[in-house]
Amino acid sequence: MIRGLNKQVIVVRDTGSDYFEEAIFIVDPSVRAADADLAAEAHRLIAASAGKSSRKQSRKRKWLIPAVLFGSALFLALGYFLAQIL
């Protein structure tokens, strides 16, 4: 049983993240702000946390596969040349 529940909740459905469909914010009851200000702050928090971190990870992974392939090819070529010399 729940008594005295009086919370203002903001649900943001367009998070811009590949991992999260929606974000739920529970507003502090002592804060008096316009709905537009609260929504803008919620979007700012989402952009500052979820959106940027997933993009940084995908950028790091883009160069990983070509680097591994290049390193492997270099290692095989070096082994081939050493085998020819010896």
# chains A, B, ... in the order shown; residues from 1 in each chain; ligands from 1
>>> residues_around(residues="Glu22 (chain A)", least_positions_apart="5", cutoff="12 Å", atoms="only C-alpha atoms", output="PDB file with C-alpha atoms, in the first residue's frame")
ATOM      1  CA  ILE A  10       9.142  13.368 -16.539  1.00  0.00           C
ATOM      2  CA  VAL A  11       9.439  10.601 -19.127  1.00  0.00           C
ATOM      3  CA  VAL A  12      11.697  11.235 -22.115  1.00  0.00           C
ATOM      4  CA  ARG A  13      11.007   8.710 -24.854  1.00  0.00           C
ATOM      5  CA  ASP A  14      13.417  10.031 -27.487  1.00  0.00           C
ATOM      6  CA  THR A  15      16.784   9.489 -25.811  1.00  0.00           C
ATOM      7  CA  GLY A  16      18.901   9.254 -28.955  1.00  0.00           C
ATOM      8  CA  SER A  17      20.624   6.197 -27.515  1.00  0.00           C
ATOM      9  CA  ALA A  42      16.116  16.288 -18.837  1.00  0.00           C
ATOM     10  CA  HIS A  43      17.200  16.399 -22.486  1.00  0.00           C
ATOM     11  CA  ILE A  46      20.527  12.656 -21.513  1.00  0.00           C
ATOM     12  CA  ALA A  50      23.970   8.471 -22.671  1.00  0.00           C
TER      13      ALA A  50
END
>>> closest_residue(among="A:Ala47, A:Leu64, A:Leu76, A:Val9", to="Phe25 (chain A)", atoms="only C-alpha atoms")
A:Val9
>>> atom_distance(atom1="CA of Asp28 (chain A)", atom2="CA of Gln8 (chain A)")
7.7 Å
>>> closest_residue(among="A:Asp37, A:Ala67, A:Ala83, A:Leu45", to="Ala23 (chain A)", atoms="only C-alpha atoms")
A:Leu45
>>> atom_distance(atom1="CA of Asp18 (chain A)", atom2="CA of Ala36 (chain A)")
25.1 Å
